[in-house]
Amino acid sequence: MPENEPWEYTLYIPNDVRAVTVARRTLRLILTMHGLIRLTDTAELLATELVSNAVRHTKGPSALRVRWAAGVLRIGAWDADPEPPEPPGELDVLGEGGRGLTLVKACADLWGWQPLARHGNRGKYVWCELAAA
C-alpha cells in the first residue's frame, strides 16, 4: 500500500494494564508495515500516554485508533468515561504521575478531545496528530 493511501486501524482493549504494552507493540507493527518507522518512537510515546490514561482512569473497555491520511498520523484513545481529561499542566519531572497529556501536548503537532455518545453509549475520544514532514 503506498504511503499516501489513507488507512485506519482500531484495537479494542480491556481495562488491563497489560493492554498498554499490547497497544504500543501493535502500533509499532502497523507503522513498520506501512513504511512509517520514522514516526514510531514519538507515536509509541503518545499512544502509551493516551492508552494509559484510558486504562488508569476508567473502569470499562477502551480502544486505540490509528489513522493515516494526507501525510498526518492521528492516534486516539476512546474510553467509556464521558468526563473531560485533566488539562495538561507544567511538566513535573520529579512527580509520580500527571505527565500524560503534558507529554502529548509537548510531542504532538496537535491534540484534543471530544465527548462521544452513540447508540446509548457515552465516553470520550482523546487524540493527537503527528505530521510526516
# chains A, B, ... in the order shown; residues from 1 in each chain; ligands from 1
call {"tool": "residues_around", "arguments": {"residues": "Thr40 (chain A)", "least_positions_apart": "5", "cutoff": "12 Å", "atoms": "only C-alpha atoms", "output": "list in words"}}
result
Arg24, Arg25, Thr26, Leu27, Arg28, Leu29, Ile30, Leu31, Thr32, Met33, His34, Gly35, Leu45, Leu46, Ala47, Thr48, Leu73, Ile75, Leu130 and Ala132 of chain A
call {"tool": "residues_around", "arguments": {"residues": "Ala80 (chain A)", "least_positions_apart": "2", "cutoff": "8 Å", "atoms": "only C-alpha atoms", "output": "number ranges by chain"}}
result
A: 58-62, 78, 82, 121-124
call {"tool": "write_last_selection", "arguments": {"atoms": "all heavy atoms", "output": "short mmCIF file (atom, residue, chain, number, x, y, z; two decimals), in the first residue's frame"}}
result
data_model
loop_
_atom_site.label_atom_id
_atom_site.label_comp_id
_atom_site.auth_asym_id
_atom_site.auth_seq_id
_atom_site.Cartn_x
_atom_site.Cartn_y
_atom_site.Cartn_z
N THR A 58 -10.42 4.91 33.97
CA THR A 58 -11.77 4.43 33.71
C THR A 58 -11.89 2.98 34.15
O THR A 58 -10.90 2.32 34.42
CB THR A 58 -12.12 4.53 32.20
OG1 THR A 58 -11.30 3.65 31.46
CG2 THR A 58 -11.95 5.95 31.69
N LYS A 59 -13.11 2.49 34.21
CA LYS A 59 -13.36 1.12 34.66
C LYS A 59 -13.74 0.18 33.50
O LYS A 59 -13.72 -1.02 33.65
CB LYS A 59 -14.46 1.11 35.71
CG LYS A 59 -14.06 1.78 36.99
CD LYS A 59 -15.20 1.71 37.98
CE LYS A 59 -14.92 2.20 39.35
NZ LYS A 59 -14.09 3.27 39.62
N GLY A 60 -14.07 0.74 32.36
CA GLY A 60 -14.56 -0.09 31.26
C GLY A 60 -13.51 -0.33 30.20
O GLY A 60 -12.34 0.00 30.36
N PRO A 61 -13.94 -0.90 29.09
CA PRO A 61 -13.03 -1.15 27.98
C PRO A 61 -12.62 0.17 27.32
O PRO A 61 -13.21 1.22 27.57
CB PRO A 61 -13.85 -2.01 27.03
CG PRO A 61 -15.26 -1.60 27.31
CD PRO A 61 -15.30 -1.29 28.78
N SER A 62 -11.63 0.09 26.46
CA SER A 62 -11.19 1.26 25.70
C SER A 62 -10.70 0.78 24.34
O SER A 62 -10.75 -0.41 24.03
CB SER A 62 -10.10 2.02 26.46
OG SER A 62 -9.03 1.17 26.80
N TRP A 78 -10.15 5.88 22.90
CA TRP A 78 -11.53 6.01 23.34
C TRP A 78 -11.66 5.31 24.69
O TRP A 78 -11.03 4.29 24.93
CB TRP A 78 -12.46 5.33 22.33
CG TRP A 78 -13.83 5.13 22.90
CD1 TRP A 78 -14.83 6.05 22.93
CD2 TRP A 78 -14.32 3.96 23.55
NE1 TRP A 78 -15.93 5.51 23.57
CE2 TRP A 78 -15.64 4.22 23.97
CE3 TRP A 78 -13.77 2.72 23.85
CZ2 TRP A 78 -16.42 3.30 24.63
CZ3 TRP A 78 -14.55 1.79 24.52
CH2 TRP A 78 -15.86 2.09 24.90
N PRO A 82 -17.30 9.76 30.16
CA PRO A 82 -17.56 10.98 29.42
C PRO A 82 -16.89 12.23 30.00
O PRO A 82 -16.91 13.29 29.38
CB PRO A 82 -19.09 11.11 29.47
CG PRO A 82 -19.47 10.44 30.74
CD PRO A 82 -18.48 9.30 30.91
N ASN A 121 -24.31 4.65 24.23
CA ASN A 121 -23.02 4.59 24.93
C ASN A 121 -22.43 5.99 25.02
O ASN A 121 -22.55 6.78 24.09
CB ASN A 121 -22.04 3.69 24.18
CG ASN A 121 -22.52 2.26 24.12
OD1 ASN A 121 -23.11 1.76 25.06
ND2 ASN A 121 -22.29 1.61 22.99
N ARG A 122 -21.78 6.26 26.13
CA ARG A 122 -21.14 7.55 26.32
C ARG A 122 -19.67 7.34 26.56
O ARG A 122 -19.25 6.28 26.98
CB ARG A 122 -21.78 8.27 27.50
CG ARG A 122 -23.23 8.59 27.25
CD ARG A 122 -23.82 9.32 28.39
NE ARG A 122 -22.97 10.45 28.73
CZ ARG A 122 -23.25 11.33 29.65
NH1 ARG A 122 -24.35 11.23 30.32
NH2 ARG A 122 -22.45 12.32 29.93
N GLY A 123 -18.91 8.36 26.32
CA GLY A 123 -17.48 8.28 26.56
C GLY A 123 -16.79 9.48 25.96
O GLY A 123 -17.40 10.52 25.72
N LYS A 124 -15.48 9.32 25.74
CA LYS A 124 -14.72 10.39 25.13
C LYS A 124 -13.63 9.80 24.24
O LYS A 124 -13.26 8.64 24.36
CB LYS A 124 -14.11 11.31 26.18
CG LYS A 124 -13.02 10.69 27.00
CD LYS A 124 -12.48 11.70 28.01
CE LYS A 124 -11.65 11.06 29.08
NZ LYS A 124 -12.39 10.16 29.96
#
call {"tool": "closest_residue", "arguments": {"among": "A:Ile13, A:Ala69, A:Leu39, A:Val104", "to": "Cys128 (chain A)", "atoms": "only C-alpha atoms"}}
result
A:Val104
call {"tool": "residues_around", "arguments": {"residues": "Val126 (chain A)", "least_positions_apart": "2", "cutoff": "7 Å", "atoms": "only C-alpha atoms", "output": "PyMOL selection string"}}
result
chain A and resi 76-78+112-114+124
call {"tool": "atom_distance", "arguments": {"atom1": "CA of Ala133 (chain A)", "atom2": "CA of Leu11 (chain A)"}}
result
26.0 Å
call {"tool": "select_by_dssp", "arguments": {"residues": "region 41-118 of chain A", "states": "helix (DSSP H, G or I)", "output": "number ranges by chain"}}
result
A: 41-57, 100-107
call {"tool": "residues_around", "arguments": {"residues": "Ala106 (chain A)", "least_positions_apart": "5", "cutoff": "10 Å", "atoms": "only C-alpha atoms", "output": "list of chain:residue names"}}
result
A:Leu46, A:Pro88, A:Leu91, A:Leu101, A:Trp111
call {"tool": "write_last_selection", "arguments": {"atoms": "C-alpha atoms", "output": "PDB file, in the first residue's frame"}}
result
ATOM      1  CA  LEU A  46       1.896   9.312  22.520  1.00  0.00           C
ATOM      2  CA  PRO A  88      -2.133  19.419  30.630  1.00  0.00           C
ATOM      3  CA  LEU A  91       5.863  19.127  33.335  1.00  0.00           C
ATOM      4  CA  LEU A 101      -1.308  14.904  28.471  1.00  0.00           C
ATOM      5  CA  TRP A 111      -4.116  17.280  20.212  1.00  0.00           C
TER       6      TRP A 111
END
call {"tool": "atom_distance", "arguments": {"atom1": "CA of Arg118 (chain A)", "atom2": "CA of Trp7 (chain A)"}}
result
22.7 Å
call {"tool": "closest_residue", "arguments": {"among": "A:Leu50, A:Ala23, A:Tyr125, A:Asp109", "to": "Val72 (chain A)", "atoms": "only C-alpha atoms"}}
result
A:Asp109
call {"tool": "decode", "arguments": {"residues": "region 26-40 of chain A", "atoms": "all heavy atoms", "output": "short mmCIF file (atom, residue, chain, number, x, y, z; two decimals), in the first residue's frame"}}
result
data_model
loop_
_atom_site.label_atom_id
_atom_site.label_comp_id
_atom_site.auth_asym_id
_atom_site.auth_seq_id
_atom_site.Cartn_x
_atom_site.Cartn_y
_atom_site.Cartn_z
N THR A 26 1.47 -3.19 18.95
CA THR A 26 0.62 -3.22 17.76
C THR A 26 0.85 -1.98 16.90
O THR A 26 0.97 -2.07 15.67
CB THR A 26 -0.86 -3.34 18.16
OG1 THR A 26 -1.04 -4.52 18.94
CG2 THR A 26 -1.77 -3.38 16.95
N LEU A 27 0.94 -0.83 17.54
CA LEU A 27 1.20 0.41 16.82
C LEU A 27 2.54 0.33 16.09
O LEU A 27 2.64 0.72 14.92
CB LEU A 27 1.18 1.60 17.77
CG LEU A 27 1.54 2.94 17.14
CD1 LEU A 27 0.52 3.34 16.07
CD2 LEU A 27 1.64 4.00 18.21
N ARG A 28 3.57 -0.17 16.75
CA ARG A 28 4.90 -0.29 16.11
C ARG A 28 4.79 -1.17 14.86
O ARG A 28 5.34 -0.83 13.81
CB ARG A 28 5.92 -0.86 17.08
CG ARG A 28 7.29 -1.09 16.42
CD ARG A 28 8.34 -1.49 17.43
NE ARG A 28 8.78 -0.38 18.22
CZ ARG A 28 9.73 0.49 17.85
NH1 ARG A 28 10.33 0.34 16.70
NH2 ARG A 28 10.07 1.48 18.65
N LEU A 29 4.09 -2.27 14.95
CA LEU A 29 3.93 -3.16 13.81
C LEU A 29 3.18 -2.48 12.66
O LEU A 29 3.58 -2.56 11.50
CB LEU A 29 3.20 -4.44 14.23
CG LEU A 29 2.96 -5.46 13.14
CD1 LEU A 29 4.27 -5.96 12.54
CD2 LEU A 29 2.16 -6.63 13.69
N ILE A 30 2.11 -1.78 12.99
CA ILE A 30 1.32 -1.07 11.97
C ILE A 30 2.19 -0.06 11.24
O ILE A 30 2.23 -0.01 10.00
CB ILE A 30 0.10 -0.37 12.61
CG1 ILE A 30 -0.92 -1.39 13.08
CG2 ILE A 30 -0.53 0.62 11.63
CD1 ILE A 30 -2.01 -0.80 13.97
N LEU A 31 2.93 0.76 12.00
CA LEU A 31 3.74 1.80 11.37
C LEU A 31 4.88 1.20 10.55
O LEU A 31 5.21 1.70 9.47
CB LEU A 31 4.27 2.77 12.43
CG LEU A 31 3.20 3.58 13.15
CD1 LEU A 31 3.83 4.49 14.19
CD2 LEU A 31 2.36 4.38 12.17
N THR A 32 5.47 0.13 11.04
CA THR A 32 6.53 -0.54 10.29
C THR A 32 6.00 -1.09 8.97
O THR A 32 6.61 -0.91 7.91
CB THR A 32 7.15 -1.67 11.13
OG1 THR A 32 7.70 -1.10 12.33
CG2 THR A 32 8.25 -2.39 10.38
N MET A 33 4.86 -1.75 9.03
CA MET A 33 4.27 -2.35 7.82
C MET A 33 3.86 -1.29 6.79
O MET A 33 3.83 -1.57 5.60
CB MET A 33 3.07 -3.22 8.18
CG MET A 33 3.41 -4.41 9.07
SD MET A 33 4.68 -5.50 8.41
CE MET A 33 3.84 -6.17 7.00
N HIS A 34 3.57 -0.08 7.25
CA HIS A 34 3.18 0.99 6.33
C HIS A 34 4.35 1.91 5.98
O HIS A 34 4.14 2.97 5.37
CB HIS A 34 2.03 1.81 6.93
CG HIS A 34 0.71 1.11 6.84
ND1 HIS A 34 -0.01 1.02 5.67
CD2 HIS A 34 0.00 0.43 7.77
CE1 HIS A 34 -1.12 0.34 5.88
NE2 HIS A 34 -1.14 -0.04 7.15
N GLY A 35 5.56 1.53 6.35
CA GLY A 35 6.73 2.32 5.98
C GLY A 35 6.86 3.63 6.72
O GLY A 35 7.48 4.57 6.22
N LEU A 36 6.30 3.71 7.92
CA LEU A 36 6.35 4.95 8.70
C LEU A 36 7.20 4.78 9.96
O LEU A 36 6.90 5.36 11.00
CB LEU A 36 4.92 5.38 9.06
CG LEU A 36 4.05 5.75 7.87
CD1 LEU A 36 2.61 5.91 8.29
CD2 LEU A 36 4.57 7.01 7.19
N ILE A 37 8.25 4.00 9.86
CA ILE A 37 9.10 3.71 11.01
C ILE A 37 9.68 4.98 11.63
O ILE A 37 9.91 5.04 12.82
CB ILE A 37 10.21 2.68 10.64
CG1 ILE A 37 10.89 2.12 11.88
CG2 ILE A 37 11.22 3.28 9.70
CD1 ILE A 37 10.05 1.13 12.61
N ARG A 38 9.86 6.01 10.84
CA ARG A 38 10.43 7.27 11.35
C ARG A 38 9.52 7.93 12.39
O ARG A 38 9.98 8.73 13.19
CB ARG A 38 10.74 8.22 10.21
CG ARG A 38 9.52 8.72 9.48
CD ARG A 38 9.88 9.47 8.20
NE ARG A 38 8.71 9.88 7.47
CZ ARG A 38 7.98 9.11 6.67
NH1 ARG A 38 8.30 7.84 6.51
NH2 ARG A 38 6.94 9.58 6.03
N LEU A 39 8.24 7.59 12.38
CA LEU A 39 7.31 8.18 13.35
C LEU A 39 7.13 7.30 14.60
O LEU A 39 6.47 7.72 15.55
CB LEU A 39 5.94 8.38 12.69
CG LEU A 39 5.86 9.33 11.52
CD1 LEU A 39 4.45 9.37 10.96
CD2 LEU A 39 6.32 10.73 11.92
N THR A 40 7.72 6.12 14.58
CA THR A 40 7.40 5.11 15.59
C THR A 40 7.71 5.54 17.01
O THR A 40 6.87 5.37 17.90
CB THR A 40 8.12 3.79 15.27
OG1 THR A 40 7.70 3.37 13.98
CG2 THR A 40 7.77 2.72 16.27
#
